[in-house]
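> Please read through the structure below; I'll follow up with questions.
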Amino acid sequence: MHKDFVTIADYTPAELQALLDRAIALKVEQKARGNPPLLQNKVLGMVFQKPSLRTRVSFEVGMLQLGGEALYLSPNEIKLGERESVPDVARVLARYVDLIMARVFRHQDIEQLAQWAGVPVINGLSDYAHPCQALGDFQTILEHKGRLEGLKLTYIGDANNVYNSLLFAATKLGTHITLAAPSGYRPDAAVLELARGFAAQSGSQIAIMDDPVQAVQGADVVYTDVWTSMGQEAEQEARLQAFQRYQVNEALVAQAQPDVIVLHCLPAHRGQEITDRVMDGPHAAVFDQAENRMHAQKAIMVTLMGV
Ligand code: CP
Ligand code: NVA
């Protein structure tokens with residue numbers, strides 16, 4: 001049993017499958033009759049260094065629906081590592097709350113929070129990983145496709161935090177994963193090495209290429225994310241140039257499987273990495289995906305709390 005949920009890489013395929021099963025069960029139950037108060041009298045502390053819509057609201061509402069409470073701590077509140085050191089923040093917060101979720105710039109800060117807090121810590125996005133997103137995304141794929149093993153997921157764009165977590169989840173769960181990205185925006189060697197180890201166990205295939213048209217051939221899932229992530233604003237101009245050819249538009253989607261689903265973790269920059277016609281078209285499953293964040297995170301919270 002794990003204390004924290006920091007990166008998908010820490011979890012076994014069976015543990016990930018159990019989280020997905022729990023997320024789907026909690027979703028069905030919530031829609032049928034509401035969830036029982038599994039986290040009654042529990043408080044989640046939510047530390048944010050960056051803005052958020054989905055992460056904040058889905059954790060807060062998810063906690064309420066499970067009978068607990070969530071405390072929003074804005075980027076101006078704690079000033080992690082600035083007003084107070086990360087280990088001190090971790091130890092203080094853990095005296096008040098039962099669970100911590102944090103969205104940070106540096107992944108090391110999440111690792112340090114997890115190391116020093118005596119309560120479970122959940123990564124709500126770091127520069128390296130977005131594991132809650134990947135879990136909700138694989139729930140969405142499973143719901144739409146009925147399976148994960150042997151499917152082809154094609155990711156178009158920057159090999160960022162979202163890609164890293166998808167890569168880990170895909171290679172743990174037997175999904176083939178292809179990336180189309182310009183050179184300079186491809187995964188770190190250490191990330192790839194980890195993923196290759198997981199793929200050797202699950203049979204999933206990893207491909208990395210330049211050409212988005214080649215990458216989407218036969219894809220069951222097409223995924224994209226913003227070209228400039230939070231914290232990279234200074235690189236925006238260079239990134240706009242580099243990713244010109246990497247837009248997910250109708251012509252590109254038409255090259256994938258006829259029943260392809262298109263995913264985006266959101267927020268989307270419509271007209272850049274994805275067009276309105278795809279976002280609002282018949283293949284998009286982006287709002288199911290946004291909803292599933294809540295169900296997946298409920299599964300993470302109850303599992304970490306041992307209920
Ligand atoms: N996808 C996601 O994490 O959205 P927010 O940045 O709005 O939380
Ligand atoms: N890659 C994006 C995801 C936002 C949810 C970022 O880090 O800004």
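Residue names in the structure tokens use chain letters A, B, ... in the order shown, residue numbers from 1 in each chain, and ligand numbers from 1 in the order shown.
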Using only C-alpha atoms and all ligand atoms, what are the residues with an atom within 9 Å of ligand 1, set out as an NGL selection string?

:A and (50-58 or 103 or 124-125 or 130 or 132-133 or 162 or 230 or 264-267 or 290 or 293)

> For the residues in that selection, give me C-alpha atoms as a CSV table (one decimal), in the first residue's frame.


chain,number,residue,atom,x,y,z
A,50,LYS,CA,-0.4,27.8,-10.3
A,51,PRO,CA,-3.9,28.5,-11.5
A,52,SER,CA,-6.5,25.7,-11.9
A,53,LEU,CA,-10.2,25.1,-12.8
A,54,ARG,CA,-10.5,21.3,-13.0
A,55,THR,CA,-8.0,20.2,-10.3
A,56,ARG,CA,-9.4,22.6,-7.7
A,57,VAL,CA,-13.1,22.0,-8.4
A,58,SER,CA,-12.9,18.3,-8.9
A,103,ARG,CA,0.2,21.7,-7.7
A,124,GLY,CA,-2.0,17.8,-8.7
A,125,LEU,CA,0.6,18.6,-11.4
A,130,HIS,CA,0.3,15.0,-14.0
A,132,CYS,CA,-4.3,12.4,-11.7
A,133,GLN,CA,-4.9,13.5,-15.2
A,162,VAL,CA,0.9,15.4,-19.2
A,230,MET,CA,2.4,27.0,-17.1
A,264,HIS,CA,-7.2,17.1,-24.3
A,265,CYS,CA,-6.5,17.6,-20.6
A,266,LEU,CA,-7.7,21.2,-20.9
A,267,PRO,CA,-7.5,24.2,-20.8
A,290,ALA,CA,-12.7,16.5,-17.4
A,293,ARG,CA,-10.8,13.7,-13.0

> I'd like the neighbourhood of Leu167 of chain A as a PyMOL selection string, where a residue qualifies if any of its atoms comes within 9 Å (using only C-alpha atoms), though same-chain residues fewer than 6 positions away should be ignored.

chain A and resi 134+177+191-192+195+206

> Which residues come within 6 Å of segment 94-99 of chain A, counting only C-alpha atoms, excluding same-chain residues fewer than 2 positions away, as a list in words?

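The neighbour list is Lys42, Val43, Leu44, Arg91, Val92, Ala117, Gly118, Val119 and Pro120 of chain A.
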
> Would you pick out the contacts of Asp225 of chain A at 12 Å or less, using only C-alpha atoms, so that residues sharing its chain but fewer than 6 positions from it are not included, and give the list as a PyMOL selection string?

chain A and resi 133+154-164+166+181+243+246-248+262-270+272-274+286

> Just checking: using only C-alpha atoms, which residue out of A:Ala114, A:Phe48, A:Arg22, A:Lys145 ends up closest to His2 of chain A?

A:Ala114

> Using only C-alpha atoms and all ligand atoms, can you tell me which of A:Gln244, A:Ser229, A:Thr178, A:Asn249 comes closest to ligand 2?

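Once distances to ligand 2 are computed over only C-alpha atoms and all ligand atoms, the minimum belongs to A:Ser229.
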
> Restricting the calculation to only C-alpha atoms and all ligand atoms: of A:Phe287, A:Tyr128, A:Phe5, A:Tyr72, which residue gets closest to ligand 2?

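For ligand 2, the nearest of the given residues is A:Tyr128.
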
> Any idea what the distance is between atom CA of Ile8 of chain A and atom CA of Gln30 of chain A?

25.3 Å

> As a list in words, please: the residues near Val86 of chain A (cut-off 9 Å, only C-alpha atoms, same-chain neighbours under 2 positions excluded).

Leu80, Gly81, Glu82, Glu84, Asp88, Val89, Ala90, Arg91, Asp109, Ile110, Gln112, Leu113 and Trp116 of chain A

> Just give me the gap between atom 4 (C, counted along the ligand's line) of ligand 2 and atom CA of Val226 of chain A in Å, one decimal is fine.

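Spanning atom 4 (C, counted along the ligand's line) of ligand 2 to atom CA of Val226 of chain A is a straight-line distance of 7.4 Å.
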
> Using only C-alpha atoms, which of A:Gly67, A:Gly184, A:Gly34, A:Pro13 sits nearest Val302 of chain A?

A:Gly67

> Applying 9 Å and only C-alpha atoms, which residues near Phe138 of chain A remain after dropping the ones on its own chain fewer than 6 positions away? List them as a list in words.

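In the requested format, the answer is Leu20, Leu148, Leu166, Ala169, Ala170 and Gln289 of chain A.
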
> As a list of chain:residue names, please: every residue in segment 50-159 of chain A that DSSP puts in strand (DSSP E or B).

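Listing strand (DSSP E or B) positions across segment 50-159 of chain A yields A:Glu69, A:Ala70, A:Leu71, A:Tyr72, A:Leu73, A:Leu80, A:Glu84, A:Leu99, A:Ile100, A:Met101, A:Ala102, A:Arg103, A:Val121, A:Ile122, A:Asn123, A:Lys152, A:Leu153, A:Thr154, A:Tyr155, A:Ile156.
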
> Can you write out the residues you just picked, keeping N, CA, C and O atoms, as a PDB file, in the first residue's frame?


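Writing the result to out_14.pdb gives the following:
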ATOM      1  N   GLU A  69     -14.088  17.540   3.705  1.00  0.00           N
ATOM      2  CA  GLU A  69     -13.962  18.960   3.358  1.00  0.00           C
ATOM      3  C   GLU A  69     -12.609  19.204   2.697  1.00  0.00           C
ATOM      4  O   GLU A  69     -11.658  18.473   2.929  1.00  0.00           O
ATOM      5  N   ALA A  70     -12.573  20.278   1.888  1.00  0.00           N
ATOM      6  CA  ALA A  70     -11.315  20.624   1.228  1.00  0.00           C
ATOM      7  C   ALA A  70     -11.013  22.098   1.482  1.00  0.00           C
ATOM      8  O   ALA A  70     -11.910  22.931   1.528  1.00  0.00           O
ATOM      9  N   LEU A  71      -9.739  22.372   1.657  1.00  0.00           N
ATOM     10  CA  LEU A  71      -9.269  23.713   1.997  1.00  0.00           C
ATOM     11  C   LEU A  71      -8.410  24.210   0.849  1.00  0.00           C
ATOM     12  O   LEU A  71      -7.399  23.578   0.521  1.00  0.00           O
ATOM     13  N   TYR A  72      -8.812  25.313   0.225  1.00  0.00           N
ATOM     14  CA  TYR A  72      -8.047  25.853  -0.905  1.00  0.00           C
ATOM     15  C   TYR A  72      -6.994  26.845  -0.413  1.00  0.00           C
ATOM     16  O   TYR A  72      -7.326  27.839   0.233  1.00  0.00           O
ATOM     17  N   LEU A  73      -5.746  26.575  -0.724  1.00  0.00           N
ATOM     18  CA  LEU A  73      -4.652  27.467  -0.344  1.00  0.00           C
ATOM     19  C   LEU A  73      -4.046  28.026  -1.629  1.00  0.00           C
ATOM     20  O   LEU A  73      -3.401  27.306  -2.382  1.00  0.00           O
ATOM     21  N   LEU A  80       5.180  28.371  -1.107  1.00  0.00           N
ATOM     22  CA  LEU A  80       5.976  27.168  -0.854  1.00  0.00           C
ATOM     23  C   LEU A  80       7.457  27.399  -1.158  1.00  0.00           C
ATOM     24  O   LEU A  80       7.815  27.793  -2.265  1.00  0.00           O
ATOM     25  N   GLU A  84       8.343  29.938   3.516  1.00  0.00           N
ATOM     26  CA  GLU A  84       8.635  28.857   4.452  1.00  0.00           C
ATOM     27  C   GLU A  84       9.166  27.663   3.666  1.00  0.00           C
ATOM     28  O   GLU A  84       8.740  27.432   2.540  1.00  0.00           O
ATOM     29  N   LEU A  99      -5.002  14.784   4.403  1.00  0.00           N
ATOM     30  CA  LEU A  99      -4.489  14.518   3.050  1.00  0.00           C
ATOM     31  C   LEU A  99      -4.008  15.846   2.481  1.00  0.00           C
ATOM     32  O   LEU A  99      -4.615  16.884   2.757  1.00  0.00           O
ATOM     33  N   ILE A 100      -2.967  15.792   1.650  1.00  0.00           N
ATOM     34  CA  ILE A 100      -2.491  17.012   0.978  1.00  0.00           C
ATOM     35  C   ILE A 100      -2.497  16.780  -0.525  1.00  0.00           C
ATOM     36  O   ILE A 100      -2.051  15.718  -0.994  1.00  0.00           O
ATOM     37  N   MET A 101      -3.009  17.738  -1.286  1.00  0.00           N
ATOM     38  CA  MET A 101      -2.855  17.735  -2.740  1.00  0.00           C
ATOM     39  C   MET A 101      -2.100  19.014  -3.076  1.00  0.00           C
ATOM     40  O   MET A 101      -2.434  20.066  -2.548  1.00  0.00           O
ATOM     41  N   ALA A 102      -1.076  18.913  -3.920  1.00  0.00           N
ATOM     42  CA  ALA A 102      -0.309  20.117  -4.258  1.00  0.00           C
ATOM     43  C   ALA A 102      -0.048  20.196  -5.753  1.00  0.00           C
ATOM     44  O   ALA A 102       0.220  19.185  -6.412  1.00  0.00           O
ATOM     45  N   ARG A 103      -0.146  21.411  -6.263  1.00  0.00           N
ATOM     46  CA  ARG A 103       0.217  21.732  -7.657  1.00  0.00           C
ATOM     47  C   ARG A 103       1.415  22.671  -7.590  1.00  0.00           C
ATOM     48  O   ARG A 103       1.305  23.785  -7.069  1.00  0.00           O
ATOM     49  N   VAL A 121       0.266  12.463   0.247  1.00  0.00           N
ATOM     50  CA  VAL A 121       0.421  13.616  -0.639  1.00  0.00           C
ATOM     51  C   VAL A 121       0.077  13.183  -2.066  1.00  0.00           C
ATOM     52  O   VAL A 121       0.551  12.151  -2.545  1.00  0.00           O
ATOM     53  N   ILE A 122      -0.754  13.987  -2.723  1.00  0.00           N
ATOM     54  CA  ILE A 122      -1.181  13.717  -4.100  1.00  0.00           C
ATOM     55  C   ILE A 122      -0.622  14.804  -5.002  1.00  0.00           C
ATOM     56  O   ILE A 122      -0.749  16.001  -4.693  1.00  0.00           O
ATOM     57  N   ASN A 123      -0.019  14.391  -6.108  1.00  0.00           N
ATOM     58  CA  ASN A 123       0.519  15.353  -7.086  1.00  0.00           C
ATOM     59  C   ASN A 123      -0.615  15.881  -7.976  1.00  0.00           C
ATOM     60  O   ASN A 123      -1.171  15.139  -8.783  1.00  0.00           O
ATOM     61  N   LYS A 152      -4.062   1.924 -29.663  1.00  0.00           N
ATOM     62  CA  LYS A 152      -3.004   2.866 -30.031  1.00  0.00           C
ATOM     63  C   LYS A 152      -3.412   4.274 -29.633  1.00  0.00           C
ATOM     64  O   LYS A 152      -4.415   4.803 -30.116  1.00  0.00           O
ATOM     65  N   LEU A 153      -2.618   4.880 -28.759  1.00  0.00           N
ATOM     66  CA  LEU A 153      -2.815   6.268 -28.343  1.00  0.00           C
ATOM     67  C   LEU A 153      -1.738   7.111 -29.033  1.00  0.00           C
ATOM     68  O   LEU A 153      -0.547   6.809 -28.912  1.00  0.00           O
ATOM     69  N   THR A 154      -2.149   8.136 -29.770  1.00  0.00           N
ATOM     70  CA  THR A 154      -1.177   9.033 -30.403  1.00  0.00           C
ATOM     71  C   THR A 154      -1.253  10.399 -29.753  1.00  0.00           C
ATOM     72  O   THR A 154      -2.329  11.008 -29.684  1.00  0.00           O
ATOM     73  N   TYR A 155      -0.122  10.864 -29.276  1.00  0.00           N
ATOM     74  CA  TYR A 155      -0.027  12.173 -28.624  1.00  0.00           C
ATOM     75  C   TYR A 155       0.689  13.123 -29.587  1.00  0.00           C
ATOM     76  O   TYR A 155       1.803  12.841 -30.044  1.00  0.00           O
ATOM     77  N   ILE A 156       0.018  14.234 -29.887  1.00  0.00           N
ATOM     78  CA  ILE A 156       0.575  15.217 -30.822  1.00  0.00           C
ATOM     79  C   ILE A 156       1.006  16.449 -30.031  1.00  0.00           C
ATOM     80  O   ILE A 156       0.156  17.099 -29.398  1.00  0.00           O
TER      81      ILE A 156
END

> Could you please determine the separation between atom CA of Arg186 of chain A and atom CA of Lys172 of chain A in Å, to one decimal place?

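Distance reported for this atom pair: 19.8 Å.
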
> Give me, as an mmCIF file with all heavy atoms, in the first residue's frame, all polymer residues having an atom no more than 12 Å from Gly150 of chain A, counting only C-alpha atoms and skipping those fewer than 6 positions away in the same chain.


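around-v3.cif, written as the output of this step:
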data_model
loop_
_atom_site.group_PDB
_atom_site.id
_atom_site.type_symbol
_atom_site.label_atom_id
_atom_site.label_comp_id
_atom_site.auth_asym_id
_atom_site.auth_seq_id
_atom_site.Cartn_x
_atom_site.Cartn_y
_atom_site.Cartn_z
ATOM 1 N N LEU A 142 -11.008 3.687 -21.245
ATOM 2 C CA LEU A 142 -11.629 2.401 -20.895
ATOM 3 C C LEU A 142 -13.140 2.468 -21.083
ATOM 4 O O LEU A 142 -13.753 1.555 -21.655
ATOM 5 C CB LEU A 142 -11.271 2.074 -19.443
ATOM 6 C CG LEU A 142 -11.600 0.692 -18.902
ATOM 7 C CD1 LEU A 142 -11.022 -0.416 -19.772
ATOM 8 C CD2 LEU A 142 -11.072 0.555 -17.468
ATOM 9 N N ALA A 170 0.322 4.281 -20.077
ATOM 10 C CA ALA A 170 0.178 3.435 -21.271
ATOM 11 C C ALA A 170 1.107 2.222 -21.186
ATOM 12 O O ALA A 170 0.682 1.085 -21.446
ATOM 13 C CB ALA A 170 0.480 4.246 -22.531
ATOM 14 N N THR A 171 2.353 2.465 -20.821
ATOM 15 C CA THR A 171 3.316 1.363 -20.820
ATOM 16 C C THR A 171 3.082 0.405 -19.644
ATOM 17 O O THR A 171 3.459 -0.763 -19.705
ATOM 18 C CB THR A 171 4.771 1.880 -20.808
ATOM 19 O OG1 THR A 171 4.928 2.835 -19.750
ATOM 20 C CG2 THR A 171 5.120 2.544 -22.137
ATOM 21 N N LYS A 172 2.452 0.876 -18.592
ATOM 22 C CA LYS A 172 2.067 -0.036 -17.492
ATOM 23 C C LYS A 172 0.867 -0.891 -17.898
ATOM 24 O O LYS A 172 0.746 -2.032 -17.480
ATOM 25 C CB LYS A 172 1.659 0.779 -16.258
ATOM 26 C CG LYS A 172 2.790 1.526 -15.582
ATOM 27 C CD LYS A 172 3.391 0.720 -14.470
ATOM 28 C CE LYS A 172 4.487 1.495 -13.756
ATOM 29 N NZ LYS A 172 5.106 0.721 -12.684
ATOM 30 N N LEU A 173 -0.058 -0.296 -18.680
ATOM 31 C CA LEU A 173 -1.360 -0.932 -18.922
ATOM 32 C C LEU A 173 -1.465 -1.588 -20.301
ATOM 33 O O LEU A 173 -2.538 -2.042 -20.691
ATOM 34 C CB LEU A 173 -2.476 0.106 -18.724
ATOM 35 C CG LEU A 173 -2.599 0.608 -17.269
ATOM 36 C CD1 LEU A 173 -3.453 1.866 -17.184
ATOM 37 C CD2 LEU A 173 -3.170 -0.482 -16.360
ATOM 38 N N GLY A 174 -0.368 -1.615 -21.051
ATOM 39 C CA GLY A 174 -0.364 -2.353 -22.318
ATOM 40 C C GLY A 174 -0.948 -1.590 -23.502
ATOM 41 O O GLY A 174 -1.303 -2.195 -24.511
ATOM 42 N N THR A 175 -1.032 -0.272 -23.390
ATOM 43 C CA THR A 175 -1.506 0.556 -24.507
ATOM 44 C C THR A 175 -0.286 1.013 -25.314
ATOM 45 O O THR A 175 0.712 1.442 -24.735
ATOM 46 C CB THR A 175 -2.268 1.788 -23.956
ATOM 47 O OG1 THR A 175 -3.307 1.326 -23.089
ATOM 48 C CG2 THR A 175 -2.845 2.642 -25.066
ATOM 49 N N HIS A 176 -0.371 0.935 -26.638
ATOM 50 C CA HIS A 176 0.725 1.425 -27.482
ATOM 51 C C HIS A 176 0.662 2.950 -27.523
ATOM 52 O O HIS A 176 -0.429 3.518 -27.599
ATOM 53 C CB HIS A 176 0.613 0.864 -28.904
ATOM 54 C CG HIS A 176 0.523 -0.632 -28.927
ATOM 55 N ND1 HIS A 176 1.418 -1.432 -28.248
ATOM 56 C CD2 HIS A 176 -0.367 -1.462 -29.527
ATOM 57 C CE1 HIS A 176 1.084 -2.698 -28.439
ATOM 58 N NE2 HIS A 176 0.004 -2.748 -29.204
ATOM 59 N N ILE A 177 1.814 3.603 -27.487
ATOM 60 C CA ILE A 177 1.802 5.066 -27.430
ATOM 61 C C ILE A 177 2.820 5.664 -28.399
ATOM 62 O O ILE A 177 4.010 5.333 -28.361
ATOM 63 C CB ILE A 177 1.967 5.586 -25.976
ATOM 64 C CG1 ILE A 177 2.017 7.127 -25.940
ATOM 65 C CG2 ILE A 177 3.165 4.973 -25.266
ATOM 66 C CD1 ILE A 177 1.743 7.736 -24.565
ATOM 67 N N ALA A 199 7.203 -1.085 -20.533
ATOM 68 C CA ALA A 199 6.695 -1.631 -21.794
ATOM 69 C C ALA A 199 7.186 -3.061 -22.011
ATOM 70 O O ALA A 199 6.463 -3.900 -22.565
ATOM 71 C CB ALA A 199 7.120 -0.738 -22.955
ATOM 72 N N SER A 202 4.678 -5.145 -20.210
ATOM 73 C CA SER A 202 3.263 -5.131 -20.629
ATOM 74 C C SER A 202 3.073 -5.450 -22.108
ATOM 75 O O SER A 202 1.958 -5.750 -22.532
ATOM 76 C CB SER A 202 2.660 -3.754 -20.356
ATOM 77 O OG SER A 202 3.198 -2.797 -21.260
ATOM 78 N N GLY A 203 4.147 -5.326 -22.888
ATOM 79 C CA GLY A 203 4.018 -5.558 -24.332
ATOM 80 C C GLY A 203 3.599 -4.311 -25.095
ATOM 81 O O GLY A 203 3.343 -4.365 -26.303
ATOM 82 N N SER A 204 3.507 -3.177 -24.430
ATOM 83 C CA SER A 204 3.127 -1.965 -25.165
ATOM 84 C C SER A 204 4.320 -1.445 -25.980
ATOM 85 O O SER A 204 5.482 -1.673 -25.630
ATOM 86 C CB SER A 204 2.552 -0.910 -24.203
ATOM 87 O OG SER A 204 3.519 0.021 -23.842
ATOM 88 N N GLN A 205 4.010 -0.806 -27.104
ATOM 89 C CA GLN A 205 5.062 -0.285 -27.985
ATOM 90 C C GLN A 205 5.122 1.230 -27.877
ATOM 91 O O GLN A 205 4.081 1.893 -27.881
ATOM 92 C CB GLN A 205 4.776 -0.682 -29.431
ATOM 93 C CG GLN A 205 4.869 -2.180 -29.662
ATOM 94 C CD GLN A 205 4.132 -2.632 -30.917
ATOM 95 O OE1 GLN A 205 3.731 -1.823 -31.758
ATOM 96 N NE2 GLN A 205 3.930 -3.936 -31.036
ATOM 97 N N ILE A 206 6.348 1.757 -27.820
ATOM 98 C CA ILE A 206 6.561 3.204 -27.744
ATOM 99 C C ILE A 206 7.137 3.651 -29.085
ATOM 100 O O ILE A 206 8.117 3.075 -29.556
ATOM 101 C CB ILE A 206 7.584 3.549 -26.642
ATOM 102 C CG1 ILE A 206 7.140 3.001 -25.284
ATOM 103 C CG2 ILE A 206 7.813 5.059 -26.568
ATOM 104 C CD1 ILE A 206 8.219 3.091 -24.207
ATOM 105 N N GLY A 218 -4.100 4.748 -37.809
ATOM 106 C CA GLY A 218 -4.579 3.637 -36.979
ATOM 107 C C GLY A 218 -4.793 3.987 -35.511
ATOM 108 O O GLY A 218 -5.036 3.092 -34.697
ATOM 109 N N ALA A 219 -4.756 5.266 -35.165
ATOM 110 C CA ALA A 219 -4.884 5.640 -33.745
ATOM 111 C C ALA A 219 -6.324 5.455 -33.256
ATOM 112 O O ALA A 219 -7.276 5.830 -33.937
ATOM 113 C CB ALA A 219 -4.448 7.088 -33.529
ATOM 114 N N ASP A 220 -6.458 4.859 -32.066
ATOM 115 C CA ASP A 220 -7.757 4.732 -31.404
ATOM 116 C C ASP A 220 -8.045 5.960 -30.540
ATOM 117 O O ASP A 220 -9.193 6.261 -30.242
ATOM 118 C CB ASP A 220 -7.767 3.487 -30.503
ATOM 119 C CG ASP A 220 -7.488 2.223 -31.292
ATOM 120 O OD1 ASP A 220 -8.356 1.823 -32.085
ATOM 121 O OD2 ASP A 220 -6.382 1.649 -31.144
ATOM 122 N N VAL A 221 -6.970 6.610 -30.106
ATOM 123 C CA VAL A 221 -7.078 7.806 -29.269
ATOM 124 C C VAL A 221 -6.061 8.815 -29.786
ATOM 125 O O VAL A 221 -4.894 8.472 -29.987
ATOM 126 C CB VAL A 221 -6.740 7.487 -27.785
ATOM 127 C CG1 VAL A 221 -6.889 8.738 -26.917
ATOM 128 C CG2 VAL A 221 -7.595 6.347 -27.250
#

> I'd like to know which of A:Gln241, A:Gln139, A:Ser126, A:Thr228 is closest to Ala299 of chain A, using only C-alpha atoms.

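Selected residue with least distance to Ala299 of chain A: A:Gln139.
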
> Using only C-alpha atoms and all ligand atoms for the distances, tell me which of A:Lys27, A:Arg33, A:Arg147, A:Ser165 is nearest to ligand 2.

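Checking each candidate against ligand 2, we get A:Ser165 as the closest.
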